[in-house]
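For reference, start.csv is printed below; it contains CSV, C-alpha atoms and all ligand atoms.
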chain,number,residue,atom,x,y,z
S,1110,MET,CA,67.2,-59.6,-37.7
S,1111,LEU,CA,63.6,-58.8,-36.9
S,1112,ASN,CA,62.5,-57.9,-33.4
S,1113,LEU,CA,59.3,-56.8,-31.7
S,1114,SER,CA,60.0,-53.1,-32.4
S,1115,THR,CA,60.0,-53.7,-36.2
S,1116,LEU,CA,57.0,-56.0,-36.3
S,1117,PHE,CA,53.3,-55.3,-36.1
S,1118,LYS,CA,53.3,-51.9,-37.8
S,1119,ASN,CA,50.2,-50.6,-36.1
S,1120,PRO,CA,48.3,-47.3,-36.4
S,1121,LEU,CA,46.9,-47.5,-32.9
S,1122,ALA,CA,49.6,-45.3,-31.2
S,1123,LYS,CA,49.5,-42.8,-34.0
S,1124,THR,CA,45.7,-42.7,-34.0
S,1125,ILE,CA,45.6,-41.9,-30.4
S,1126,GLY,CA,48.3,-39.2,-30.9
S,1127,ALA,CA,46.3,-37.7,-33.8
S,1128,LEU,CA,43.0,-38.0,-32.1
S,1129,PHE,CA,44.1,-35.8,-29.2
S,1130,ARG,CA,46.2,-33.3,-31.1
S,1131,HIS,CA,43.7,-30.5,-30.1
S,1132,GLY,CA,43.4,-31.5,-26.5
S,1133,SER,CA,40.7,-33.5,-24.7
S,1134,LEU,CA,37.8,-35.3,-26.4
S,1135,SER,CA,34.3,-36.6,-25.5
S,1136,LEU,CA,34.5,-40.2,-24.6
S,1137,ASP,CA,32.0,-41.2,-27.2
S,1138,ASP,CA,34.0,-39.7,-30.1
S,1139,CYS,CA,37.2,-41.2,-28.7
S,1140,LEU,CA,35.8,-44.7,-28.3
S,1141,GLN,CA,34.2,-44.8,-31.7
S,1142,GLU,CA,37.6,-44.1,-33.2
S,1143,ILE,CA,39.4,-46.5,-31.0
S,1144,GLU,CA,37.0,-49.3,-31.8
S,1145,GLU,CA,37.5,-48.7,-35.5
S,1146,GLN,CA,41.3,-48.8,-35.2
S,1147,LEU,CA,41.2,-52.0,-33.1
S,1148,ILE,CA,39.3,-53.6,-35.9
S,1149,LEU,CA,41.7,-52.3,-38.5
S,1150,SER,CA,44.5,-53.9,-36.5
S,1151,ASP,CA,42.6,-57.2,-37.0
S,1152,ILE,CA,41.1,-57.5,-33.5
S,1153,SER,CA,37.7,-59.2,-34.0
S,1154,HIS,CA,34.6,-57.0,-33.9
S,1155,LYS,CA,33.4,-58.9,-30.8
S,1156,LEU,CA,36.6,-58.3,-28.9
S,1157,ALA,CA,36.9,-54.7,-30.0
S,1158,GLU,CA,33.4,-54.1,-28.7
S,1159,ARG,CA,34.2,-55.8,-25.4
S,1160,ILE,CA,37.4,-53.7,-25.0
S,1161,THR,CA,35.6,-50.4,-25.7
S,1162,LYS,CA,32.7,-51.3,-23.5
S,1163,SER,CA,35.2,-51.8,-20.7
S,1164,LEU,CA,36.9,-48.5,-21.4
S,1165,ARG,CA,33.6,-46.8,-21.2
S,1166,LYS,CA,33.1,-48.1,-17.7
S,1167,GLU,CA,36.6,-47.0,-16.7
S,1168,LEU,CA,36.8,-43.5,-18.2
S,1169,PRO,CA,35.0,-40.2,-17.5
S,1170,GLY,CA,32.9,-38.3,-20.1
S,1171,ARG,CA,35.8,-36.2,-21.4
S,1172,VAL,CA,39.2,-37.8,-21.8
S,1173,GLU,CA,42.9,-37.0,-22.3
S,1174,SER,CA,45.2,-39.1,-24.4
S,1175,GLU,CA,47.2,-40.4,-21.4
S,1176,ALA,CA,44.1,-41.7,-19.6
S,1177,VAL,CA,43.0,-43.5,-22.7
S,1178,THR,CA,46.4,-45.1,-23.3
S,1179,THR,CA,46.6,-46.2,-19.7
S,1180,ALA,CA,43.1,-47.7,-19.7
S,1181,LEU,CA,43.8,-49.5,-23.1
S,1182,ARG,CA,47.1,-50.9,-21.8
S,1183,LYS,CA,45.2,-52.2,-18.8
S,1184,GLU,CA,42.6,-53.9,-20.9
S,1185,LEU,CA,45.2,-55.6,-23.1
S,1186,GLN,CA,47.3,-56.6,-20.2
S,1187,HIS,CA,44.2,-58.2,-18.6
S,1188,ILE,CA,43.7,-60.4,-21.7
S,1189,PHE,CA,47.3,-61.6,-21.6
S,1190,ASN,CA,47.1,-62.1,-17.8
S,1191,VAL,CA,44.0,-64.2,-18.0
S,1192,ALA,CA,45.8,-66.5,-20.4
S,1193,SER,CA,48.9,-66.8,-18.2
S,1194,LEU,CA,46.8,-67.5,-15.1
S,1195,GLN,CA,45.3,-70.5,-16.9
S,1196,ASN,CA,48.8,-71.8,-17.4
S,1197,PRO,CA,50.9,-71.0,-14.4
S,1198,GLY,CA,54.3,-72.5,-13.9
S,1199,ASP,CA,57.7,-71.6,-15.3
S,1200,TRP,CA,57.9,-73.1,-18.8
S,1201,THR,CA,61.6,-72.2,-19.1
S,1202,GLN,CA,62.3,-75.1,-16.8
S,1203,SER,CA,60.3,-77.5,-19.0
S,1204,GLN,CA,62.2,-80.4,-20.7
S,1205,VAL,CA,59.7,-82.2,-22.9
S,1206,PHE,CA,58.1,-80.1,-25.7
S,1207,LEU,CA,55.5,-81.5,-28.1
S,1208,MET,CA,54.8,-79.3,-31.1
S,1209,VAL,CA,51.3,-79.7,-32.6
S,1210,GLY,CA,49.4,-77.9,-35.3
S,1211,ILE,CA,48.1,-78.4,-38.9
S,1212,ASN,CA,50.4,-79.0,-41.9
S,1213,GLY,CA,52.0,-75.9,-43.3
S,1214,SER,CA,51.7,-74.0,-40.0
S,1215,GLY,CA,55.5,-74.1,-39.7
S,1216,LYS,CA,55.7,-76.9,-37.1
S,1217,THR,CA,58.9,-78.6,-38.5
S,1218,THR,CA,60.8,-75.4,-39.1
S,1219,ASN,CA,59.9,-73.9,-35.8
S,1220,SER,CA,60.7,-77.2,-33.9
S,1221,ALA,CA,64.2,-76.8,-35.3
S,1222,LYS,CA,64.3,-73.1,-34.3
S,1223,LEU,CA,63.2,-73.9,-30.8
S,1224,ALA,CA,65.9,-76.6,-30.5
S,1225,TYR,CA,68.4,-74.2,-31.8
S,1226,TYR,CA,67.2,-71.6,-29.3
S,1227,PHE,CA,68.1,-74.0,-26.4
S,1228,ALA,CA,71.2,-75.3,-28.1
S,1229,GLN,CA,72.6,-71.8,-28.2
S,1230,LYS,CA,72.3,-71.7,-24.4
S,1231,ASN,CA,74.7,-74.6,-24.4
S,1232,GLU,CA,72.0,-77.1,-23.5
S,1233,LYS,CA,72.0,-80.7,-24.7
S,1234,VAL,CA,69.0,-80.8,-27.0
S,1235,LEU,CA,67.3,-83.7,-28.9
S,1236,LEU,CA,64.7,-83.5,-31.7
S,1237,GLY,CA,62.1,-86.1,-32.5
S,1238,ALA,CA,60.6,-86.3,-36.0
S,1239,ALA,CA,57.2,-87.9,-35.3
S,1240,ASP,CA,55.7,-86.3,-38.4
S,1241,THR,CA,56.0,-89.6,-40.3
S,1242,PHE,CA,52.9,-89.1,-42.5
S,1243,ARG,CA,54.6,-86.7,-44.9
S,1244,ALA,CA,57.5,-87.9,-47.0
S,1245,ALA,CA,59.2,-84.6,-46.3
S,1246,GLY,CA,58.3,-84.3,-42.6
S,1247,SER,CA,60.9,-86.5,-41.1
S,1248,SER,CA,63.7,-85.8,-43.6
S,1249,GLN,CA,63.2,-82.1,-43.4
S,1250,LEU,CA,63.8,-82.2,-39.7
S,1251,SER,CA,66.9,-84.4,-40.2
S,1252,LEU,CA,68.3,-81.8,-42.5
S,1253,TRP,CA,67.8,-79.1,-39.9
S,1254,GLY,CA,69.5,-81.4,-37.4
S,1255,GLU,CA,72.5,-81.8,-39.6
S,1256,ARG,CA,72.7,-78.2,-40.3
S,1257,LEU,CA,72.4,-77.2,-36.6
S,1258,ASN,CA,74.4,-80.1,-35.2
S,1259,ILE,CA,71.4,-81.3,-33.2
S,1260,PRO,CA,70.6,-85.1,-33.1
S,1261,VAL,CA,67.2,-86.1,-34.5
S,1262,VAL,CA,65.4,-89.4,-33.9
S,1263,THR,CA,63.5,-90.3,-37.1
S,1264,GLY,CA,61.3,-93.0,-38.4
S,1265,GLU,CA,60.5,-94.3,-41.9
S,1266,LYS,CA,57.8,-92.6,-43.9
S,1267,GLY,CA,54.5,-94.1,-42.8
S,1268,ALA,CA,56.0,-95.5,-39.6
S,1269,ASP,CA,53.9,-95.3,-36.4
S,1270,PRO,CA,54.5,-91.8,-34.9
S,1271,GLY,CA,54.1,-93.5,-31.6
S,1272,SER,CA,57.2,-95.6,-32.2
S,1273,VAL,CA,59.2,-92.5,-33.1
S,1274,VAL,CA,58.0,-90.8,-29.9
S,1275,PHE,CA,59.0,-94.0,-28.0
S,1276,ASN,CA,62.5,-94.0,-29.4
S,1277,THR,CA,62.9,-90.3,-28.9
S,1278,MET,CA,61.9,-90.5,-25.3
S,1279,ASN,CA,64.1,-93.5,-24.8
S,1280,SER,CA,67.1,-91.6,-26.1
S,1281,PHE,CA,66.1,-88.5,-24.1
S,1282,VAL,CA,66.2,-90.4,-20.8
S,1283,SER,CA,69.1,-92.8,-21.5
S,1284,LYS,CA,71.4,-90.1,-22.9
S,1285,GLN,CA,70.3,-87.5,-20.3
S,1286,TYR,CA,69.4,-84.6,-22.6
S,1287,ASP,CA,68.3,-81.3,-21.1
S,1288,ARG,CA,65.4,-80.8,-23.6
S,1289,VAL,CA,63.6,-82.7,-26.2
S,1290,ILE,CA,61.4,-81.2,-28.9
S,1291,ILE,CA,59.0,-83.5,-30.7
S,1292,ASP,CA,57.5,-82.5,-34.1
S,1293,THR,CA,54.1,-84.2,-34.7
S,1294,ALA,CA,52.0,-84.8,-37.8
S,1295,GLY,CA,49.4,-82.2,-38.7
S,1296,ARG,CA,47.3,-84.0,-41.2
S,1297,VAL,CA,44.0,-82.3,-41.7
S,1298,GLN,CA,41.6,-84.8,-40.2
S,1299,THR,CA,38.6,-84.8,-37.9
S,1300,ARG,CA,39.0,-83.2,-34.6
S,1301,GLU,CA,38.3,-86.5,-32.8
S,1302,GLN,CA,41.0,-88.4,-34.7
S,1303,LEU,CA,43.5,-85.6,-34.1
S,1304,MET,CA,42.8,-85.5,-30.4
S,1305,ARG,CA,43.0,-89.3,-30.1
S,1306,GLU,CA,46.3,-89.4,-31.8
S,1307,LEU,CA,47.8,-86.6,-29.7
S,1308,GLU,CA,46.5,-88.3,-26.6
S,1309,LYS,CA,48.2,-91.5,-27.7
S,1310,LEU,CA,51.6,-89.7,-28.1
S,1311,VAL,CA,51.1,-88.1,-24.7
S,1312,LYS,CA,50.6,-91.5,-23.1
S,1313,ILE,CA,53.8,-92.8,-24.6
S,1314,ILE,CA,55.7,-89.8,-23.3
S,1315,THR,CA,54.3,-90.5,-19.9
S,1316,LYS,CA,56.0,-93.9,-19.8
S,1317,PHE,CA,59.3,-92.1,-19.7
S,1318,HIS,CA,58.5,-88.7,-18.2
S,1319,GLU,CA,55.9,-89.2,-15.5
S,1320,GLN,CA,54.0,-85.9,-15.9
S,1321,GLY,CA,53.8,-86.3,-19.7
S,1322,PRO,CA,55.0,-83.4,-22.0
S,1323,ASP,CA,55.8,-80.4,-19.9
S,1324,GLU,CA,54.8,-78.2,-22.8
S,1325,VAL,CA,52.5,-78.7,-25.7
S,1326,PHE,CA,52.9,-75.8,-28.1
S,1327,LEU,CA,50.3,-75.2,-30.7
S,1328,VAL,CA,52.0,-73.9,-33.8
S,1329,VAL,CA,49.8,-71.5,-35.7
S,1330,ASP,CA,50.3,-69.6,-39.0
S,1331,GLY,CA,49.9,-65.9,-38.1
S,1332,THR,CA,49.4,-64.6,-41.6
S,1333,MET,CA,45.8,-65.8,-42.0
S,1334,GLY,CA,43.7,-63.3,-40.1
S,1335,GLN,CA,40.4,-65.0,-39.2
S,1336,ASN,CA,41.7,-68.3,-40.5
S,1337,THR,CA,44.5,-68.2,-38.0
S,1338,LEU,CA,41.8,-68.3,-35.3
S,1339,ASP,CA,40.0,-71.2,-37.0
S,1340,GLN,CA,43.2,-73.1,-37.2
S,1341,ALA,CA,43.8,-72.7,-33.5
S,1342,ARG,CA,40.2,-73.6,-32.6
S,1343,LYS,CA,40.7,-77.1,-34.1
S,1344,PHE,CA,42.9,-77.8,-31.1
S,1345,LYS,CA,40.7,-76.2,-28.5
S,1346,ASP,CA,39.5,-79.5,-27.2
S,1347,PHE,CA,43.0,-80.7,-26.5
S,1348,SER,CA,43.2,-79.9,-22.9
S,1349,GLY,CA,47.0,-80.3,-22.8
S,1350,LEU,CA,47.9,-77.1,-24.7
S,1351,THR,CA,50.3,-75.0,-22.7
S,1352,GLY,CA,51.5,-72.4,-25.2
S,1353,LEU,CA,51.2,-70.9,-28.6
S,1354,PHE,CA,53.9,-70.5,-31.2
S,1355,LEU,CA,52.7,-68.0,-33.7
S,1356,THR,CA,54.7,-68.3,-37.0
S,1357,LYS,CA,55.3,-66.2,-40.1
S,1358,VAL,CA,54.8,-63.0,-38.1
S,1359,ASP,CA,57.4,-61.5,-40.4
S,1360,GLY,CA,54.7,-61.4,-43.1
S,1361,THR,CA,51.5,-59.4,-42.9
S,1362,THR,CA,50.4,-60.3,-39.4
S,1363,LYS,CA,48.8,-57.4,-37.6
S,1364,GLY,CA,49.0,-57.0,-33.8
S,1365,GLY,CA,45.3,-57.7,-33.4
S,1366,THR,CA,45.8,-61.4,-34.5
S,1367,VAL,CA,48.0,-61.9,-31.5
S,1368,VAL,CA,45.4,-60.4,-29.1
S,1369,ASN,CA,42.5,-62.4,-30.7
S,1370,ILE,CA,44.2,-65.7,-30.4
S,1371,VAL,CA,45.3,-65.3,-26.8
S,1372,ASP,CA,41.8,-64.2,-25.9
S,1373,GLU,CA,40.1,-67.0,-27.7
S,1374,MET,CA,42.4,-69.8,-26.7
S,1375,GLN,CA,43.3,-68.6,-23.2
S,1376,VAL,CA,46.8,-69.9,-23.7
S,1377,PRO,CA,49.8,-67.6,-23.6
S,1378,ILE,CA,52.0,-67.0,-26.6
S,1379,ARG,CA,55.5,-68.2,-25.9
S,1380,PHE,CA,57.3,-67.6,-29.2
S,1381,LEU,CA,57.0,-65.9,-32.5
S,1382,GLY,CA,58.4,-67.3,-35.8
S,1383,VAL,CA,59.8,-64.4,-37.9
S,1384,GLY,CA,61.5,-66.0,-40.8
S,1385,GLU,CA,62.8,-69.2,-42.3
S,1386,GLN,CA,66.2,-69.3,-40.7
S,1387,ALA,CA,67.1,-71.1,-37.4
S,1388,GLU,CA,67.6,-67.8,-35.6
S,1389,ASP,CA,64.3,-66.3,-36.7
S,1390,ILE,CA,62.6,-66.9,-33.4
S,1391,ILE,CA,61.5,-64.3,-30.8
S,1392,LEU,CA,60.6,-65.0,-27.2
S,1393,PHE,CA,57.2,-63.4,-26.8
S,1394,GLU,CA,56.9,-60.8,-24.0
S,1395,PRO,CA,53.3,-59.4,-23.6
S,1396,CYS,CA,54.4,-56.1,-22.0
S,1397,ALA,CA,56.8,-55.3,-24.9
S,1398,PHE,CA,54.2,-56.3,-27.4
S,1399,ILE,CA,51.5,-54.0,-25.8
S,1400,ASP,CA,54.1,-51.2,-25.8
S,1401,ARG,CA,54.6,-51.8,-29.4
S,1402,LEU,CA,50.9,-51.5,-30.1
S,1403,ILE,CA,50.0,-48.5,-28.1
S,1404,SER,CA,53.2,-46.4,-27.4
S,1405,GLU,CA,54.5,-44.1,-30.1
R,1501,LIG,P1,54.7,-77.8,-41.2
R,1501,LIG,O1,54.0,-78.5,-42.3
R,1501,LIG,O2,53.8,-77.3,-40.2
R,1501,LIG,O3,55.8,-78.7,-40.6
R,1501,LIG,O4,55.4,-76.5,-41.8
R,1501,LIG,P2,56.9,-76.3,-42.3
R,1501,LIG,O5,57.8,-76.2,-41.1
R,1501,LIG,O6,57.3,-77.3,-43.4
R,1501,LIG,O7,56.8,-74.8,-42.9
R,1501,LIG,C1,55.9,-74.5,-44.0
R,1501,LIG,C2,56.5,-73.3,-44.7
R,1501,LIG,O8,56.5,-72.2,-43.9
R,1501,LIG,C3,58.0,-73.5,-45.1
R,1501,LIG,O9,58.2,-73.0,-46.4
R,1501,LIG,C4,58.8,-72.7,-44.1
R,1501,LIG,O10,60.0,-72.3,-44.5
R,1501,LIG,C5,57.8,-71.6,-43.8
R,1501,LIG,N1,57.9,-71.0,-42.5
R,1501,LIG,C6,57.9,-71.6,-41.3
R,1501,LIG,N2,58.0,-70.7,-40.3
R,1501,LIG,C7,58.1,-69.5,-40.9
R,1501,LIG,C8,58.3,-68.2,-40.4
R,1501,LIG,O11,58.3,-67.9,-39.1
R,1501,LIG,N3,58.3,-67.2,-41.3
R,1501,LIG,C9,58.3,-67.4,-42.6
R,1501,LIG,N4,58.4,-66.4,-43.5
R,1501,LIG,N5,58.1,-68.6,-43.1
R,1501,LIG,C10,58.1,-69.7,-42.3

Target encoding structure tokens, full file:
Amino acid sequence: MLNLSTLFKNPLAKTIGALFRHGSLSLDDCLQEIEEQLILSDISHKLAERITKSLRKELPGRVESEAVTTALRKELQHIFNVASLQNPGDWTQSQVFLMVGINGSGKTTNSAKLAYYFAQKNEKVLLGAADTFRAAGSSQLSLWGERLNIPVVTGEKGADPGSVVFNTMNSFVSKQYDRVIIDTAGRVQTREQLMRELEKLVKIITKFHEQGPDEVFLVVDGTMGQNTLDQARKFKDFSGLTGLFLTKVDGTTKGGTVVNIVDEMQVPIRFLGVGEQAEDIILFEPCAFIDRLISE
């Protein structure tokens, strides 16, 4: 199975190692190289520039490898910390999860994976298939449910997703589940329609669970570089987002995509999807991720 130490093959650590193989360097030379490598790891030009600008303030005119690595680690940690501070609270105690994102991002598959993640901890988990717009959406989740032995509340194709959410929440409360994960539709539509629909679902959840969904995870396909960011931005107006679920990271995703998306959305990444099987899910830990990027 994949884990953080086998993902994000990244030249950053090696670059720093190679850069300093003859000893210390002028800060200018060092930062020029670092900026280039950040961009090669898919960090946006703007963010790479911001990071190096910050490093310049922090570091003296001549630098050693260790000082650069420490300063870079601090910069990256800062980006992840800012996102976490915007969303304080302990998500691991959350009960009601709403999965949002555009079609094809991996919402349904990763809703099933998340349910399985909790079920494996011996929790009583329920899935809600509110993606009623696609013929496959609802039945795909039912298949997962059968396979994983997790109950799924479904609706007919074309049914009002609100009614599926209603029935799911009703079952969640009356049968006292520990967690419920609700998959929503991700039709490509206008931002306003999308937001209105999500808000409607949130309102229905509120009838059963006073505070509304404890978590709204935006599911984003991590393989698309700049388009990954564009995909996420579609949901930026939705104030309820609490976490990101970056999928298909088993593919070509470079580490920079992870940094960009957290910086842009100011929402922490909670999970990575790393394959098409139920167990292909990794709990995201920023420190381990940063280590992976910059430690050899
Ligand atoms: P949805 O339309 O957002 O519900 O997306 P699906 O869950 O139907 O997933 C779309 C495709 O992506 C399917 O072929 C999934 O098997 C695949 N997929 C989902 N998550 C991952 C992942 O983490 N890694 C890989 N390699 N494929 C994934």

* Asked: Between S:Val1325, S:Val1209, S:Val1262, S:Leu1257, which has the minimum distance to Gln1386 in chain S (counting only C-alpha atoms)?
  ->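 Closest to Gln1386 in chain S of all the choices is S:Leu1257.
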
* Find, counting only C-alpha atoms and all ligand atoms, the residue in S:Gly1132, S:Gly1264, S:Gly1213, S:Gly1364 that gets nearest to ligand LIG 1501 (chain R). =>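 Checking each of S:Gly1132, S:Gly1264, S:Gly1213, S:Gly1364 against ligand LIG 1501 (chain R), counting only C-alpha atoms and all ligand atoms, the winner is S:Gly1213.
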
Go through range 1346-1386 of chain S residue by residue and, counting only C-alpha atoms, keep those with an atom at most 9 Å from range 1216-1235 of chain S; for each kept residue give the shortest atom pair and its distance in Å to one decimal, ordered by chain and increasing number, as a tab-separated table.
residue	atom	partner	partner_atom	distance
S:Phe1354	CA	S:Asn1219	CA	8.3
S:Thr1356	CA	S:Asn1219	CA	7.7
S:Phe1380	CA	S:Leu1223	CA	8.8
S:Gly1382	CA	S:Asn1219	CA	6.8
S:Glu1385	CA	S:Thr1218	CA	7.3
S:Gln1386	CA	S:Lys1222	CA	7.7

Sorted by chain and rising residue number, list the residues of chain S at most 10 Å from ligand LIG 1501 (chain R) (counting all atoms listed in the file), each with its closest atom pair and distance in Å to one decimal, as a Markdown table.
| residue | atom | partner | partner_atom | distance |
| --- | --- | --- | --- | --- |
| S:Met1208 | CA | R:LIG1501 | O2 | 9.4 |
| S:Val1209 | CA | R:LIG1501 | O2 | 8.4 |
| S:Gly1210 | CA | R:LIG1501 | O2 | 6.6 |
| S:Ile1211 | CA | R:LIG1501 | O2 | 5.9 |
| S:Asn1212 | CA | R:LIG1501 | O1 | 3.7 |
| S:Gly1213 | CA | R:LIG1501 | O1 | 3.4 |
| S:Ser1214 | CA | R:LIG1501 | O2 | 3.9 |
| S:Gly1215 | CA | R:LIG1501 | O4 | 3.2 |
| S:Lys1216 | CA | R:LIG1501 | O2 | 3.7 |
| S:Thr1217 | CA | R:LIG1501 | O5 | 3.7 |
| S:Thr1218 | CA | R:LIG1501 | O5 | 3.7 |
| S:Asn1219 | CA | R:LIG1501 | N2 | 5.8 |
| S:Ser1220 | CA | R:LIG1501 | O5 | 7.8 |
| S:Ala1221 | CA | R:LIG1501 | O5 | 8.7 |
| S:Lys1222 | CA | R:LIG1501 | N2 | 9.0 |
| S:Asp1240 | CA | R:LIG1501 | O3 | 7.9 |
| S:Arg1243 | CA | R:LIG1501 | O1 | 8.6 |
| S:Ala1245 | CA | R:LIG1501 | O6 | 8.1 |
| S:Gly1246 | CA | R:LIG1501 | O3 | 6.5 |
| S:Ser1247 | CA | R:LIG1501 | O3 | 9.3 |
| S:Gln1249 | CA | R:LIG1501 | O6 | 7.6 |
| S:Leu1250 | CA | R:LIG1501 | O5 | 8.6 |
| S:Asp1292 | CA | R:LIG1501 | O3 | 7.7 |
| S:Thr1293 | CA | R:LIG1501 | O3 | 8.2 |
| S:Ala1294 | CA | R:LIG1501 | O3 | 7.7 |
| S:Gly1295 | CA | R:LIG1501 | O2 | 6.8 |
| S:Arg1296 | CA | R:LIG1501 | O1 | 8.7 |
| S:Val1328 | CA | R:LIG1501 | O2 | 7.5 |
| S:Val1329 | CA | R:LIG1501 | O2 | 8.4 |
| S:Asp1330 | CA | R:LIG1501 | N2 | 7.9 |
| S:Gly1331 | CA | R:LIG1501 | O11 | 8.7 |
| S:Thr1332 | CA | R:LIG1501 | N3 | 9.3 |
| S:Phe1354 | CA | R:LIG1501 | O11 | 9.4 |
| S:Leu1355 | CA | R:LIG1501 | O11 | 7.8 |
| S:Thr1356 | CA | R:LIG1501 | O11 | 4.2 |
| S:Lys1357 | CA | R:LIG1501 | N3 | 3.4 |
| S:Val1358 | CA | R:LIG1501 | O11 | 6.1 |
| S:Asp1359 | CA | R:LIG1501 | N3 | 5.8 |
| S:Gly1360 | CA | R:LIG1501 | N4 | 6.2 |
| S:Thr1361 | CA | R:LIG1501 | N4 | 9.8 |
| S:Phe1380 | CA | R:LIG1501 | O11 | 10.0 |
| S:Leu1381 | CA | R:LIG1501 | O11 | 7.0 |
| S:Gly1382 | CA | R:LIG1501 | O11 | 3.4 |
| S:Val1383 | CA | R:LIG1501 | O11 | 4.0 |
| S:Gly1384 | CA | R:LIG1501 | N3 | 3.5 |
| S:Glu1385 | CA | R:LIG1501 | O10 | 4.7 |
| S:Gln1386 | CA | R:LIG1501 | O10 | 7.9 |
| S:Ala1387 | CA | R:LIG1501 | O11 | 9.5 |
| S:Glu1388 | CA | R:LIG1501 | O11 | 9.9 |
| S:Asp1389 | CA | R:LIG1501 | O11 | 6.7 |
| S:Ile1390 | CA | R:LIG1501 | O11 | 7.2 |
| S:Ile1391 | CA | R:LIG1501 | O11 | 9.6 |

* Grab the CA of Ile1314 in chain S to CA of Leu1350 in chain S distance for me, in Å with one decimal place. => 15.0 Å

* Asked: What gap, in Å, lies between CA of Leu1140 in chain S and CA of Phe1189 in chain S?
  -> 21.5 Å

* For Val1311 in chain S, please output as a list in words all residues within 7 Å (counting all atoms listed in the file; exclusion window: fewer than 4 positions along the same chain). =>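 That gives Leu1307, Thr1315, Gly1321 and Pro1322 of chain S.
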
* **7 Å contact set for Leu1113 in chain S, all atoms listed in the file, chain neighbours under 2 positions out, as a PyMOL selection string** => chain S and resi 1115-1116+1398

* Can you work out the spacing between CA of Lys1363 in chain S and CA of Asp1339 in chain S in Å, to one decimal? =>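 Going from CA of Lys1363 in chain S over to CA of Asp1339 in chain S covers 16.4 Å.
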
* **Within 9 Å of Met1304 in chain S using all atoms listed in the file, minus same-chain residues under 6 positions, as a ChimeraX atom specification** => /S:1344,1346-1347
